[in-house]
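Everything below belongs to run_7.csv, which stores CSV, C-alpha atoms.
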```csv
chain,number,residue,atom,x,y,z
F,1,MET,CA,0.0,0.0,0.0
F,2,ALA,CA,1.1,3.4,-0.7
F,3,LYS,CA,2.1,5.6,2.2
F,4,ARG,CA,-0.6,8.0,2.8
F,5,LYS,CA,0.1,11.5,4.2
F,6,THR,CA,-1.7,12.3,7.4
F,7,PRO,CA,-4.0,15.2,6.8
F,8,GLY,CA,-3.1,18.3,8.9
F,9,ILE,CA,-5.6,18.9,11.7
F,10,ASN,CA,-7.5,22.0,11.1
F,11,ALA,CA,-6.6,24.2,14.0
F,12,SER,CA,-8.7,27.2,13.1
F,13,SER,CA,-11.4,26.3,15.7
F,14,MET,CA,-8.7,26.3,18.4
F,15,ALA,CA,-9.1,30.0,18.8
F,16,ASP,CA,-12.9,29.6,19.3
F,17,ILE,CA,-12.4,26.9,21.9
F,18,SER,CA,-10.0,28.9,23.9
F,19,PHE,CA,-12.2,32.0,23.6
F,20,LEU,CA,-14.9,30.0,25.1
F,21,LEU,CA,-12.8,29.0,28.0
F,22,LEU,CA,-11.5,32.5,28.4
F,23,ILE,CA,-15.0,33.9,28.6
F,24,PHE,CA,-16.0,31.2,31.1
F,25,PHE,CA,-13.2,32.3,33.4
F,26,LEU,CA,-13.9,35.9,32.9
F,27,VAL,CA,-17.4,35.4,34.1
F,28,THR,CA,-16.7,33.2,37.0
F,29,THR,CA,-13.8,35.3,38.3
F,30,SER,CA,-14.5,37.4,41.3
F,31,MET,CA,-11.8,40.0,41.5
F,32,ASN,CA,-13.1,41.5,44.7
F,33,VAL,CA,-10.6,42.0,47.3
F,34,ASN,CA,-11.9,41.4,50.8
F,35,SER,CA,-11.8,44.5,52.8
F,36,GLY,CA,-12.9,45.5,56.2
F,37,LEU,CA,-12.2,47.5,59.3
F,38,SER,CA,-9.0,46.2,61.0
F,39,ARG,CA,-8.9,46.2,64.8
F,40,LYS,CA,-6.8,44.7,67.4
F,41,LEU,CA,-8.2,42.9,70.4
F,42,PRO,CA,-6.6,43.2,73.8
F,43,PRO,CA,-4.8,40.1,75.1
F,44,PRO,CA,-7.0,37.8,77.2
F,45,LEU,CA,-7.1,38.2,81.0
F,46,PRO,CA,-5.5,35.4,82.9
F,47,PRO,CA,-8.2,33.0,84.1
F,48,GLY,CA,-9.8,34.0,87.4
F,49,ALA,CA,-8.3,37.5,87.3
F,50,GLU,CA,-10.6,40.5,87.5
F,51,GLN,CA,-10.2,43.4,85.2
F,52,PRO,CA,-7.6,45.6,86.9
F,53,ASP,CA,-8.8,49.0,87.9
F,54,VAL,CA,-6.7,51.4,86.0
F,55,GLU,CA,-6.6,54.9,87.5
F,56,VAL,CA,-7.7,57.2,84.7
F,57,ASN,CA,-8.6,60.7,85.2
F,58,LYS,CA,-12.1,61.3,84.2
F,59,ARG,CA,-11.3,64.1,81.8
F,60,ASN,CA,-9.2,61.6,79.8
F,61,VAL,CA,-11.9,59.2,79.0
F,62,PHE,CA,-14.4,59.5,76.2
F,63,VAL,CA,-17.2,57.1,76.9
F,64,VAL,CA,-19.3,55.9,74.0
F,65,LEU,CA,-22.3,53.7,74.8
F,66,ILE,CA,-24.6,52.0,72.3
F,67,ASN,CA,-27.8,50.6,73.7
F,68,SER,CA,-30.0,47.8,72.3
F,69,ASN,CA,-32.0,50.3,70.3
F,70,ASN,CA,-28.8,51.4,68.5
F,71,GLN,CA,-28.9,54.8,70.2
F,72,ILE,CA,-25.5,56.3,70.9
F,73,MET,CA,-24.5,58.2,74.0
F,74,ALA,CA,-21.2,60.0,74.1
F,75,GLN,CA,-20.0,61.7,77.3
F,76,GLY,CA,-23.5,61.4,78.8
F,77,GLN,CA,-25.3,63.0,75.9
F,78,MET,CA,-27.3,61.3,73.2
F,79,VAL,CA,-25.6,62.0,69.9
F,80,ASN,CA,-26.3,61.3,66.3
F,81,ILE,CA,-23.8,59.1,64.5
F,82,ARG,CA,-23.1,62.1,62.2
F,83,ASP,CA,-21.8,64.2,65.0
F,84,LEU,CA,-19.8,61.6,66.7
F,85,LYS,CA,-16.7,62.0,64.5
F,86,GLU,CA,-16.4,65.8,65.2
F,87,LYS,CA,-16.9,65.2,68.9
F,88,ALA,CA,-14.2,62.5,68.9
F,89,LYS,CA,-11.8,64.7,67.0
F,90,LEU,CA,-12.3,67.6,69.4
F,91,PHE,CA,-11.7,65.2,72.3
F,92,ILE,CA,-8.5,63.7,70.8
F,93,GLN,CA,-7.1,67.0,69.9
F,94,ASN,CA,-8.3,69.4,72.6
F,95,PRO,CA,-7.1,72.4,70.6
F,96,ALA,CA,-8.3,75.0,73.1
F,97,ASN,CA,-6.8,73.3,76.1
F,98,ASP,CA,-10.2,72.9,77.7
F,99,PRO,CA,-10.0,71.6,81.3
F,100,THR,CA,-12.8,69.1,80.7
F,101,LEU,CA,-11.0,67.6,77.7
F,102,PRO,CA,-7.9,65.4,78.1
F,103,ALA,CA,-4.7,66.9,79.5
F,104,LEU,CA,-2.2,68.2,77.0
F,105,THR,CA,1.4,67.2,77.5
F,106,PRO,CA,4.3,68.7,75.5
F,107,VAL,CA,6.4,66.0,73.9
F,108,ASN,CA,9.2,66.0,71.5
F,109,ILE,CA,8.7,63.8,68.5
F,110,PRO,CA,11.4,63.3,65.9
F,111,LEU,CA,10.6,64.8,62.5
F,112,ILE,CA,7.7,66.8,64.0
F,113,GLY,CA,9.3,68.6,67.0
F,114,ASN,CA,7.6,69.9,70.1
F,115,ILE,CA,3.9,69.4,70.1
F,116,ASN,CA,1.2,69.2,72.6
F,117,VAL,CA,-0.4,65.8,72.7
F,118,THR,CA,-3.3,64.4,74.7
F,119,LYS,CA,-1.2,61.5,75.7
F,120,GLU,CA,-3.5,59.8,78.1
F,121,HIS,CA,-6.8,60.0,76.3
F,122,VAL,CA,-8.8,56.9,75.9
F,123,ILE,CA,-12.0,56.3,74.0
F,124,SER,CA,-14.0,53.7,75.8
F,125,LEU,CA,-16.6,51.9,73.7
F,126,GLN,CA,-19.3,49.8,75.3
F,127,ASN,CA,-22.2,48.1,73.6
F,128,ASP,CA,-25.2,46.0,74.6
F,129,ARG,CA,-25.7,42.4,73.5
F,130,GLY,CA,-28.7,43.6,71.6
F,131,THR,CA,-27.0,46.2,69.6
F,132,ASP,CA,-27.1,45.7,65.8
F,133,TYR,CA,-23.7,44.8,64.2
F,134,GLN,CA,-24.2,47.6,61.6
F,135,ALA,CA,-24.7,50.2,64.3
F,136,TYR,CA,-21.7,49.0,66.2
F,137,LEU,CA,-19.5,49.0,63.1
F,138,GLU,CA,-20.7,52.5,62.2
F,139,VAL,CA,-19.5,53.8,65.6
F,140,GLN,CA,-16.2,52.0,65.2
F,141,ASN,CA,-15.9,53.4,61.8
F,142,GLU,CA,-16.6,57.0,62.9
F,143,LEU,CA,-14.0,56.7,65.7
F,144,VAL,CA,-11.4,55.3,63.3
F,145,ALA,CA,-12.3,58.0,60.8
F,146,ALA,CA,-11.7,60.7,63.5
F,147,TYR,CA,-8.2,59.4,63.9
F,148,ASN,CA,-7.6,59.1,60.2
F,149,GLU,CA,-8.7,62.6,59.5
F,150,LEU,CA,-6.5,64.0,62.3
F,151,ARG,CA,-3.5,62.1,61.0
F,152,GLU,CA,-4.3,63.2,57.4
F,153,SER,CA,-4.4,66.9,58.3
F,154,LEU,CA,-1.2,66.6,60.4
F,155,ALA,CA,0.5,64.9,57.5
F,156,ILE,CA,-0.5,67.7,55.1
F,157,GLU,CA,0.5,70.3,57.6
F,158,LYS,CA,3.9,68.9,58.5
F,159,PHE,CA,5.0,67.0,55.5
F,160,GLY,CA,2.9,68.4,52.7
F,161,THR,CA,1.7,65.0,51.5
F,162,HIS,CA,-1.1,62.6,52.3
F,163,TYR,CA,-0.7,60.3,55.2
F,164,ALA,CA,-0.6,57.3,52.9
F,165,ALA,CA,2.2,58.8,50.9
F,166,CYS,CA,4.4,59.5,53.9
F,167,SER,CA,7.4,57.4,54.6
F,168,GLU,CA,7.3,54.9,57.4
F,169,GLU,CA,9.2,57.1,59.8
F,170,GLN,CA,6.8,60.0,59.1
F,171,GLN,CA,3.8,57.8,59.7
F,172,ASP,CA,5.3,56.6,62.9
F,173,ALA,CA,5.8,60.1,64.1
F,174,ILE,CA,2.2,61.0,63.2
F,175,ASN,CA,1.0,57.9,65.0
F,176,LYS,CA,2.8,59.1,68.1
F,177,VAL,CA,0.9,62.3,68.0
F,178,TYR,CA,-2.4,60.6,67.5
F,179,PRO,CA,-2.1,57.1,68.9
F,180,GLN,CA,-5.3,55.1,68.3
F,181,LYS,CA,-6.7,54.3,71.7
F,182,ILE,CA,-10.1,52.8,71.4
F,183,SER,CA,-10.7,50.5,74.2
F,184,GLU,CA,-13.6,48.2,74.5
F,185,ALA,CA,-15.0,47.3,77.8
F,186,GLU,CA,-15.1,43.8,79.1
F,187,PRO,CA,-18.5,42.6,78.0
F,188,LYS,CA,-21.2,43.0,80.6
F,189,ASN,CA,-24.9,42.7,80.2
F,190,TYR,CA,-26.3,46.2,80.5
F,191,GLY,CA,-29.8,45.3,81.5
F,192,GLY,CA,-32.4,45.8,78.8
F,193,GLN,CA,-33.9,43.0,76.7
F,194,LYS,CA,-31.8,40.2,75.4
A,1,MET,CA,15.5,50.0,-11.8
A,2,ALA,CA,12.6,48.8,-9.8
A,3,ARG,CA,9.5,48.2,-11.8
A,4,PHE,CA,6.2,49.1,-10.3
A,5,ARG,CA,3.3,47.1,-11.3
A,6,LYS,CA,0.4,49.3,-12.2
A,7,ASN,CA,-3.2,48.5,-11.6
A,8,GLY,CA,-3.7,44.8,-11.7
A,9,SER,CA,-6.1,44.0,-8.9
A,10,ARG,CA,-3.9,42.7,-6.1
A,11,ASP,CA,-5.4,40.5,-3.3
A,12,LEU,CA,-4.6,41.6,0.2
A,13,PRO,CA,-2.5,39.0,1.8
A,14,GLU,CA,-4.4,37.1,4.4
A,15,ILE,CA,-3.5,37.8,8.0
A,16,SER,CA,-2.2,34.7,9.6
A,17,THR,CA,-4.4,33.7,12.5
A,18,ALA,CA,-2.2,30.8,13.5
A,19,SER,CA,-0.9,32.7,16.6
A,20,LEU,CA,-4.4,33.7,17.8
A,21,PRO,CA,-5.0,30.6,19.9
A,22,ASP,CA,-1.6,31.2,21.6
A,23,ILE,CA,-2.6,34.7,22.5
A,24,ILE,CA,-6.0,33.7,23.8
A,25,PHE,CA,-4.4,30.9,25.8
A,26,MET,CA,-2.1,33.4,27.4
A,27,LEU,CA,-5.0,35.5,28.4
A,28,LEU,CA,-6.8,32.4,29.6
A,29,PHE,CA,-3.9,31.3,31.8
A,30,PHE,CA,-3.6,34.8,33.2
A,31,PHE,CA,-7.2,34.7,34.3
A,32,MET,CA,-6.9,31.2,35.6
A,33,ALA,CA,-4.0,32.2,37.7
A,34,THR,CA,-5.5,35.3,39.1
A,35,THR,CA,-8.9,33.9,39.8
A,36,SER,CA,-9.7,33.4,43.4
A,37,MET,CA,-12.5,31.0,43.7
A,38,LYS,CA,-15.0,31.5,46.5
A,39,GLU,CA,-13.5,30.3,49.7
A,40,VAL,CA,-16.4,28.3,50.9
A,41,THR,CA,-20.0,27.7,50.1
A,42,TYR,CA,-22.0,30.0,52.2
A,43,MET,CA,-24.6,28.4,54.4
A,44,VAL,CA,-25.6,31.6,56.1
A,45,SER,CA,-26.9,34.7,54.4
A,46,ILE,CA,-24.4,37.5,54.8
A,47,LYS,CA,-24.9,41.1,53.8
A,48,VAL,CA,-21.9,42.8,55.3
A,49,PRO,CA,-22.3,46.2,56.9
A,50,GLU,CA,-21.0,49.4,55.2
A,51,ALA,CA,-18.1,51.5,56.4
A,52,THR,CA,-15.7,54.0,55.0
A,53,GLU,CA,-12.3,53.4,56.7
A,54,LEU,CA,-11.5,50.1,55.1
A,55,THR,CA,-8.3,48.3,54.8
A,56,LYS,CA,-7.7,45.7,52.2
A,57,LEU,CA,-6.8,42.2,53.2
A,58,GLU,CA,-4.0,41.6,50.8
A,59,LYS,CA,-2.2,38.4,51.9
A,60,LYS,CA,-4.9,35.8,51.5
A,61,THR,CA,-3.0,33.1,53.1
A,62,LEU,CA,-2.9,35.0,56.4
A,63,VAL,CA,-6.6,35.4,56.6
A,64,LYS,CA,-9.0,33.0,58.2
A,65,TYR,CA,-12.7,33.6,58.0
A,66,VAL,CA,-15.5,33.3,60.5
A,67,TYR,CA,-19.0,33.7,59.0
A,68,VAL,CA,-22.0,34.8,61.1
A,69,GLY,CA,-25.5,35.1,59.9
A,70,LYS,CA,-28.9,33.4,59.6
A,71,PRO,CA,-29.0,30.1,57.8
A,72,LEU,CA,-29.9,30.3,54.1
A,73,GLN,CA,-33.5,29.9,53.1
A,74,HIS,CA,-33.3,26.2,52.1
A,75,LEU,CA,-31.5,25.4,55.3
A,76,VAL,CA,-34.0,27.0,57.6
A,77,GLY,CA,-36.0,23.8,58.0
A,78,GLN,CA,-32.9,21.9,59.1
A,79,PHE,CA,-31.1,24.4,61.2
A,80,GLY,CA,-33.7,26.9,62.3
A,81,ASN,CA,-33.8,30.6,62.0
A,82,GLU,CA,-31.4,31.7,64.7
A,83,THR,CA,-28.1,33.4,63.9
A,84,ARG,CA,-25.4,30.8,63.5
A,85,LEU,CA,-21.7,30.6,63.1
A,86,GLN,CA,-20.1,29.0,60.1
A,87,LEU,CA,-16.5,27.7,60.0
A,88,ASP,CA,-15.2,26.4,56.7
A,89,ASP,CA,-18.1,24.4,55.2
A,90,SER,CA,-20.2,23.6,58.2
A,91,PHE,CA,-22.1,25.2,61.0
A,92,ALA,CA,-20.3,25.4,64.3
A,93,ASP,CA,-20.9,26.3,67.9
A,94,ILE,CA,-19.0,29.2,69.5
A,95,SER,CA,-17.3,26.7,71.8
A,96,GLN,CA,-15.6,25.2,68.8
A,97,LEU,CA,-14.1,28.4,67.6
A,98,GLU,CA,-11.1,28.5,69.9
A,99,GLU,CA,-10.2,25.0,68.9
A,100,TYR,CA,-10.7,25.8,65.2
A,101,ILE,CA,-8.5,28.9,65.4
A,102,SER,CA,-5.6,27.1,67.1
A,103,GLN,CA,-5.9,24.3,64.5
A,104,GLU,CA,-5.8,26.7,61.6
A,105,ARG,CA,-2.9,28.5,63.1
A,106,SER,CA,-0.9,25.4,63.6
A,107,SER,CA,-1.5,24.5,59.9
A,108,MET,CA,0.1,27.8,58.8
A,109,LYS,CA,3.7,28.4,58.2
A,110,GLU,CA,5.5,29.2,61.4
A,111,SER,CA,6.7,32.6,60.3
A,112,ASP,CA,3.1,33.5,59.4
A,113,GLN,CA,1.5,32.3,62.6
A,114,SER,CA,1.9,35.5,64.5
A,115,GLN,CA,0.5,37.5,61.6
A,116,MET,CA,-2.8,35.6,61.3
A,117,ILE,CA,-5.8,37.8,60.7
A,118,VAL,CA,-9.3,36.6,61.5
A,119,SER,CA,-11.9,38.2,59.4
A,120,ILE,CA,-15.4,38.3,60.9
A,121,LYS,CA,-17.9,38.2,58.1
A,122,ALA,CA,-21.1,38.9,59.8
A,123,ASP,CA,-24.5,40.0,58.6
A,124,ARG,CA,-25.4,43.6,59.3
A,125,GLU,CA,-28.4,42.7,61.3
A,126,THR,CA,-26.6,40.3,63.7
A,127,LYS,CA,-26.9,41.2,67.3
A,128,MET,CA,-23.7,42.1,69.1
A,129,GLY,CA,-24.2,39.4,71.7
A,130,ILE,CA,-22.8,36.7,69.4
A,131,ILE,CA,-20.1,39.0,68.0
A,132,THR,CA,-19.0,39.7,71.6
A,133,ASP,CA,-18.8,36.0,72.3
A,134,ILE,CA,-16.7,35.4,69.2
A,135,LYS,CA,-14.4,38.2,70.1
A,136,GLN,CA,-14.0,36.8,73.6
A,137,SER,CA,-13.1,33.3,72.2
A,138,LEU,CA,-10.7,34.9,69.7
A,139,ARG,CA,-9.0,36.6,72.6
A,140,ARG,CA,-8.7,33.4,74.4
A,141,ALA,CA,-7.2,31.8,71.3
A,142,TYR,CA,-4.7,34.7,71.0
A,143,ALA,CA,-6.0,35.6,67.6
A,144,LEU,CA,-5.8,39.3,68.3
A,145,LYS,CA,-5.7,40.7,64.8
A,146,ILE,CA,-9.2,40.9,63.6
A,147,ASN,CA,-11.0,42.5,60.7
A,148,TYR,CA,-14.6,43.3,60.5
A,149,SER,CA,-15.6,42.6,57.0
A,150,ALA,CA,-17.4,45.5,55.4
A,151,SER,CA,-18.2,47.0,52.1
A,152,GLU,CA,-17.3,50.4,50.9
A,153,ARG,CA,-19.7,53.2,51.4
A,154,THR,CA,-19.6,56.5,49.7
A,155,LYS,CA,-18.9,59.2,52.3
A,156,ALA,CA,-22.0,61.2,51.7
A,157,SER,CA,-24.7,58.6,52.1
A,158,TYR,CA,-25.9,57.8,55.6
```

Give the structure from the file, written as structure tokens.
Amino acid sequence: MAKRKTPGINASSMADISFLLLIFFLVTTSMNVNSGLSRKLPPPLPPGAEQPDVEVNKRNVFVVLINSNNQIMAQGQMVNIRDLKEKAKLFIQNPANDPTLPALTPVNIPLIGNINVTKEHVISLQNDRGTDYQAYLEVQNELVAAYNELRESLAIEKFGTHYAACSEEQQDAINKVYPQKISEAEPKNYGGQK
Amino acid sequence: MARFRKNGSRDLPEISTASLPDIIFMLLFFFMATTSMKEVTYMVSIKVPEATELTKLEKKTLVKYVYVGKPLQHLVGQFGNETRLQLDDSFADISQLEEYISQERSSMKESDQSQMIVSIKADRETKMGIITDIKQSLRRAYALKINYSASERTKASY
């Protein structure tokens, strides 16, 4: 028998097939990056130990309470979520050296120099077991936003760039001026319905 | 001297499409490599809350997820309507969380263990009671870096 040549396989449909696969992956791909509000939890208490009573001057504490109806109380007053950030910023900064707001201590920070800092301020956040998660996260968000805005404005004032564009040392210096101090109370059941 | 052929209807030479499959394959591989398939099948319905001050979770290998929400519609009959906790592909009790976290941590690379982030993906209507319990057991498990999963909100809309 004569040697027959094998016919070349027609590869023109290859492109179509791979297009099909490509489109399948394009459709099923979810490019979304998970994002969220990053927080740090305090280390656990040793078993059996009570929460140690830390002596804090009353003027240094900013108490935020959220009840089971998602109402917010800051410093003994009902506040709207929209006003919380400004209130927190005023508290963290204490620009007018108000005696009811946290004490200002002059510190020397590299790259920034002498600056008055409310070193001992603490924002204390307490919530009820019946609080909605969304309401709780909104409050957390506003508090973090207060810090971020203060840092941002300081970065622009001192270094002329956005906080995110600052070098690591510069960010460190700014963080020393506005250290994030949001403390969450050990959970208790604050009365009210479940 | 060069001679120029005048008129004489010339055919345009056909563009070779032989390399087209290769190009498409390259694209295909790119998408295959960058695709991240869904981590688990959700058994709880989750609509994450909205926030503005978000950080992105970039290193996926460092992140472990805890899902909190009400069971999906078709699972209500089996698991009830109460808010539940989901770890990996099954429902779990809060008492199992501590164990789960330490197990997950020991399966990570040693250099990464201290950088583990636990992302809490909870429905926005969840009550804080269960979240507080989760946070307490995460503290006991020494998983102190946490992330409340949220979606971006435009600054203006409240």

Problem set entry | Proximal residues of chain F relative to chain A (all atoms listed in the file; 7 Å) as a ChimeraX atom specification | /F:14-15,18-19,22,25-26,29-31,33-44,128-134,138,141,144-145

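Separating CA of Thr83 in chain A from CA of Gln140 in chain F is a distance of 22.1 Å.
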
For this session: With a distance cut-off of 12 Å and only C-alpha atoms, select the neighbouring residues of Arg59 in chain F, excluding the residue or stretch itself and same-chain residues fewer than 3 positions from it, and output the selection as a VMD selection string.
Result: chain F and resid 55 to 56 62 to 63 75 91 to 92 94 97 to 104 118 120 to 123

Seminar exercise, completed: Using all atoms listed in the file, the best pick from A:Gln73, A:Ser45, A:Thr61, A:Ser16 as closest to Ser107 in chain A would be A:Thr61

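The nearest approach to Met43 in chain A among the residues A:Ile101, A:Leu12, A:Leu87, A:Ile134, with only C-alpha atoms taken into account, belongs to A:Leu87.
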
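From CA of Leu97 in chain A back to CA of Glu184 in chain F, the distance works out to 21.0 Å.
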
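Atom pair CA of Ala164 in chain F / CA of Glu152 in chain F: separated by 8.3 Å.
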
Exercise. Within 6 Å of (9.2, 60.0, 61.8), only C-alpha atoms: residues as a PyMOL selection string?
Worked result: chain F and resi 110-111+169-170+172-173

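The shortest atom-to-atom distance to Lys158 in chain F, with all atoms listed in the file taken into account, belongs to F:Ile115 out of F:Ile115, F:Pro179, F:Thr105, F:Leu143.
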
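Among the candidates A:Arg105, A:Ser90, A:Asp11, A:Tyr42, the one nearest to Leu62 in chain A when counting only C-alpha atoms is A:Arg105.
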